[in-house]
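Colleague: This structure is in structure tokens; I'll ask about it shortly.
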Amino acid sequence: MTERGQGRSLERIEEGDLARLAELASLAERGLFERNPAGAGRYEGRLLCRALCQGAALHFVDGTSGVKDFDVWSFYTVREDGLPFPYRWRGTEDYGPSKFGRYPEDPESFIGRRVDLLGRSLPVGPSADPVAAVREYLTAAGSVTARFLASKAVVLVEPVERRGQVIWPVDA
């Protein structure tokens, strides 16, 4: 089901959809790490969590916002040398055929909804609680990105045992 004029899908986002998003992010990041072992590859094995953010996450929460695209953020534990995850990296994948259809303004090469993949390193250690770490990042609002992400919703897609947990807004 698509909202008229907006091209947003009103289909419900379910656990299987979150699993698909986690898989797409994992594969794209694996490729990034292999291509750049001395750069982004230094973050291999440091994943704290992955989350659906922005408009699609808000739709997961309220069921009425609609899905234009999916924004999946991977949060990593910062390296001991303090060098951050490459904050300018942005991957783009095609969700593929699904109940969400495709956004009419995306390139014709897309079969399904666009999936934007982004990442950040957070100043926490490997044993940090992912929910607390991301909430602290959003609450501190120390960057334009953090403020932007905090303006909508955040839903975990990984770790698997917490998939679908709404971690922002806190009272959702």
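Here's how to read the names in the structure tokens: chain A, B, ... by the order shown, residue numbers from 1 in each chain, ligand numbers from 1 in the order shown.
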List every residue of chain A that DSSP, applied to the backbone of this structure, places in strand (DSSP E), and write the result as number ranges by chain.

Modeller: A: 47-53, 70-77, 90-94, 114-122, 153-158, 166-168

Colleague: Write a file of the selected residues as a compact mmCIF listing (two decimals), in the first residue's frame, keeping N, CA, C and O atoms.

Modeller:
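After the write, selection_22.txt holds the following:
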```txt
# COMPACT_ATOMS: atom_id res chain seq x y z
N LEU A 47 31.64 -3.94 15.86
CA LEU A 47 30.23 -3.53 15.79
C LEU A 47 29.58 -3.57 17.17
O LEU A 47 29.65 -4.57 17.87
N LEU A 48 28.97 -2.47 17.54
CA LEU A 48 28.21 -2.36 18.78
C LEU A 48 26.75 -2.72 18.51
O LEU A 48 26.15 -3.54 19.19
N CYS A 49 26.19 -2.10 17.47
CA CYS A 49 24.82 -2.38 17.07
C CYS A 49 24.54 -1.75 15.71
O CYS A 49 25.29 -0.90 15.25
N ARG A 50 23.43 -2.19 15.12
CA ARG A 50 22.91 -1.57 13.90
C ARG A 50 21.49 -1.15 14.20
O ARG A 50 20.77 -1.84 14.93
N ALA A 51 21.09 -0.04 13.59
CA ALA A 51 19.76 0.48 13.88
C ALA A 51 19.10 1.08 12.64
O ALA A 51 19.77 1.71 11.82
N LEU A 52 17.82 0.87 12.55
CA LEU A 52 17.00 1.56 11.57
C LEU A 52 16.71 2.94 12.16
O LEU A 52 16.30 3.04 13.33
N CYS A 53 16.94 3.98 11.38
CA CYS A 53 16.78 5.34 11.90
C CYS A 53 15.91 6.18 10.97
O CYS A 53 15.53 5.73 9.89
N PHE A 70 15.06 3.37 3.50
CA PHE A 70 15.52 2.85 4.79
C PHE A 70 16.90 3.43 5.08
O PHE A 70 17.77 3.42 4.20
N ASP A 71 17.09 3.92 6.29
CA ASP A 71 18.40 4.42 6.73
C ASP A 71 18.87 3.51 7.85
O ASP A 71 18.25 3.47 8.92
N VAL A 72 19.95 2.78 7.58
CA VAL A 72 20.49 1.86 8.57
C VAL A 72 21.86 2.38 9.00
O VAL A 72 22.76 2.57 8.17
N TRP A 73 21.99 2.60 10.30
CA TRP A 73 23.23 3.10 10.88
C TRP A 73 23.90 1.98 11.65
O TRP A 73 23.25 1.27 12.42
N SER A 74 25.19 1.84 11.44
CA SER A 74 26.00 0.89 12.20
C SER A 74 26.84 1.69 13.18
O SER A 74 27.52 2.64 12.78
N PHE A 75 26.76 1.31 14.43
CA PHE A 75 27.53 1.99 15.48
C PHE A 75 28.63 1.06 15.96
O PHE A 75 28.37 -0.10 16.29
N TYR A 76 29.83 1.58 15.98
CA TYR A 76 31.02 0.81 16.34
C TYR A 76 31.65 1.36 17.61
O TYR A 76 31.51 2.55 17.91
N THR A 77 32.36 0.50 18.32
CA THR A 77 33.13 0.95 19.48
C THR A 77 34.40 1.60 18.96
O THR A 77 35.05 1.09 18.04
N ARG A 90 29.09 6.39 2.99
CA ARG A 90 27.67 6.16 2.80
C ARG A 90 27.52 5.10 1.72
O ARG A 90 27.94 5.31 0.58
N GLY A 91 26.96 3.98 2.10
CA GLY A 91 26.67 2.94 1.14
C GLY A 91 25.21 3.01 0.74
O GLY A 91 24.38 3.56 1.47
N THR A 92 24.91 2.50 -0.42
CA THR A 92 23.53 2.46 -0.89
C THR A 92 23.27 1.08 -1.48
O THR A 92 24.06 0.59 -2.28
N GLU A 93 22.19 0.47 -1.04
CA GLU A 93 21.79 -0.84 -1.53
C GLU A 93 20.33 -0.79 -1.96
O GLU A 93 19.59 0.13 -1.60
N ASP A 94 19.93 -1.80 -2.69
CA ASP A 94 18.55 -1.96 -3.13
C ASP A 94 17.91 -3.02 -2.24
O ASP A 94 18.43 -4.13 -2.14
N ARG A 114 15.26 2.10 -1.64
CA ARG A 114 16.69 2.38 -1.42
C ARG A 114 17.01 2.18 0.05
O ARG A 114 16.22 2.52 0.93
N VAL A 115 18.18 1.61 0.31
CA VAL A 115 18.67 1.44 1.67
C VAL A 115 19.97 2.22 1.78
O VAL A 115 20.94 1.91 1.09
N ASP A 116 19.96 3.27 2.58
CA ASP A 116 21.17 4.07 2.82
C ASP A 116 21.86 3.50 4.05
O ASP A 116 21.23 3.26 5.08
N LEU A 117 23.17 3.29 3.93
CA LEU A 117 23.96 2.69 4.99
C LEU A 117 25.00 3.70 5.46
O LEU A 117 25.74 4.25 4.65
N LEU A 118 25.03 3.92 6.76
CA LEU A 118 25.96 4.89 7.34
C LEU A 118 26.53 4.32 8.62
O LEU A 118 25.99 3.36 9.17
N GLY A 119 27.58 4.92 9.13
CA GLY A 119 28.18 4.40 10.35
C GLY A 119 28.84 5.49 11.18
O GLY A 119 29.19 6.55 10.67
N ARG A 120 28.99 5.18 12.45
CA ARG A 120 29.67 6.08 13.39
C ARG A 120 30.37 5.23 14.44
O ARG A 120 29.89 4.16 14.81
N SER A 121 31.48 5.73 14.93
CA SER A 121 32.12 5.11 16.09
C SER A 121 31.71 5.92 17.31
O SER A 121 31.61 7.14 17.25
N LEU A 122 31.44 5.22 18.39
CA LEU A 122 31.03 5.87 19.64
C LEU A 122 32.13 5.67 20.68
O LEU A 122 32.80 4.64 20.69
N ALA A 153 13.17 8.48 15.13
CA ALA A 153 13.18 7.28 15.96
C ALA A 153 14.39 6.41 15.62
O ALA A 153 14.99 6.55 14.56
N VAL A 154 14.72 5.49 16.54
CA VAL A 154 15.82 4.55 16.34
C VAL A 154 15.34 3.18 16.83
O VAL A 154 14.88 3.04 17.96
N VAL A 155 15.47 2.19 15.94
CA VAL A 155 15.02 0.82 16.21
C VAL A 155 16.19 -0.13 15.94
O VAL A 155 16.75 -0.10 14.85
N LEU A 156 16.52 -0.95 16.91
CA LEU A 156 17.64 -1.88 16.71
C LEU A 156 17.31 -2.95 15.67
O LEU A 156 16.20 -3.50 15.66
N VAL A 157 18.29 -3.24 14.80
CA VAL A 157 18.19 -4.38 13.90
C VAL A 157 19.23 -5.44 14.27
O VAL A 157 19.09 -6.60 13.92
N GLU A 158 20.26 -5.02 14.98
CA GLU A 158 21.26 -5.93 15.57
C GLU A 158 21.72 -5.30 16.86
O GLU A 158 21.82 -4.08 16.93
N VAL A 166 12.68 -0.52 20.22
CA VAL A 166 12.70 0.93 19.97
C VAL A 166 13.54 1.54 21.08
O VAL A 166 13.17 1.46 22.25
N ILE A 167 14.65 2.16 20.70
CA ILE A 167 15.54 2.73 21.73
C ILE A 167 15.48 4.25 21.74
O ILE A 167 16.01 4.87 22.66
N TRP A 168 14.83 4.84 20.73
CA TRP A 168 14.66 6.29 20.71
C TRP A 168 13.40 6.61 19.94
O TRP A 168 13.19 6.01 18.89
```

Colleague: Write out as a list in words which residues come within 7 Å of Gly66 of chain A when counting only C-alpha atoms, dropping same-chain ones fewer than 5 positions away.

Modeller: Arg8, Ser9, Leu10, Ala56 and His59 of chain A

Colleague: Check the smallest atom-to-atom distance from each of A:Phe148, A:Tyr87, A:Tyr103, A:Tyr95 to Gln54 of chain A using only C-alpha atoms, then report the winner.

Modeller: A:Phe148

Colleague: Determine the nearest neighbour of Phe85 of chain A from the options A:Arg46, A:Lys152, A:Arg147, A:Lys68, counting only C-alpha atoms.

Modeller: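 Smallest distance to Phe85 of chain A is found for A:Arg46.
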
Colleague: So, counting only C-alpha atoms, which residue among A:Glu14, A:Asp171, A:Glu34, A:Glu80 is closest to Arg135 of chain A?

Modeller: A:Asp171

Colleague: Hey, what's within 12 Å of Arg12 of chain A if we count only C-alpha atoms and toss same-chain stuff fewer than 2 positions away? As a list in words, please?

Modeller: Met1, Thr2, Arg8, Ser9, Leu10, Glu14, Glu15, Gly16, Asp17, Leu18, Ala56, Ala57, Leu58, His59, Phe60, Val61, Asp62, Gly63, Thr64, Ser65, Gly66, Val67, Ser98, Lys99 and Phe100 of chain A

Colleague: Go through segment 40-129 of chain A and collect every residue that DSSP, computed from the backbone, puts in helix (DSSP H, G or I); the answer should be as a PyMOL selection string.

Modeller: chain A and resi 40-43+54-62

Colleague: Can I get the selected residues back with C-alpha atoms, as a PDB file, in the first residue's frame?

Modeller:
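Dumped to part-v3.pdb:
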```
ATOM      1  CA  ALA A  40      37.432   1.401   7.536  1.00  0.00           C
ATOM      2  CA  GLY A  41      38.687  -2.185   7.797  1.00  0.00           C
ATOM      3  CA  ARG A  42      40.224  -1.302  11.148  1.00  0.00           C
ATOM      4  CA  TYR A  43      36.653  -1.376  12.498  1.00  0.00           C
ATOM      5  CA  GLN A  54      14.929   8.395  10.654  1.00  0.00           C
ATOM      6  CA  GLY A  55      11.608   8.179   8.776  1.00  0.00           C
ATOM      7  CA  ALA A  56      11.360   4.411   8.370  1.00  0.00           C
ATOM      8  CA  ALA A  57      12.094   3.961  12.084  1.00  0.00           C
ATOM      9  CA  LEU A  58       9.364   6.465  12.892  1.00  0.00           C
ATOM     10  CA  HIS A  59       7.016   4.442  10.657  1.00  0.00           C
ATOM     11  CA  PHE A  60       7.988   1.300  12.597  1.00  0.00           C
ATOM     12  CA  VAL A  61       6.891   3.115  15.767  1.00  0.00           C
ATOM     13  CA  ASP A  62       3.745   4.922  14.593  1.00  0.00           C
TER      14      ASP A  62
END
```
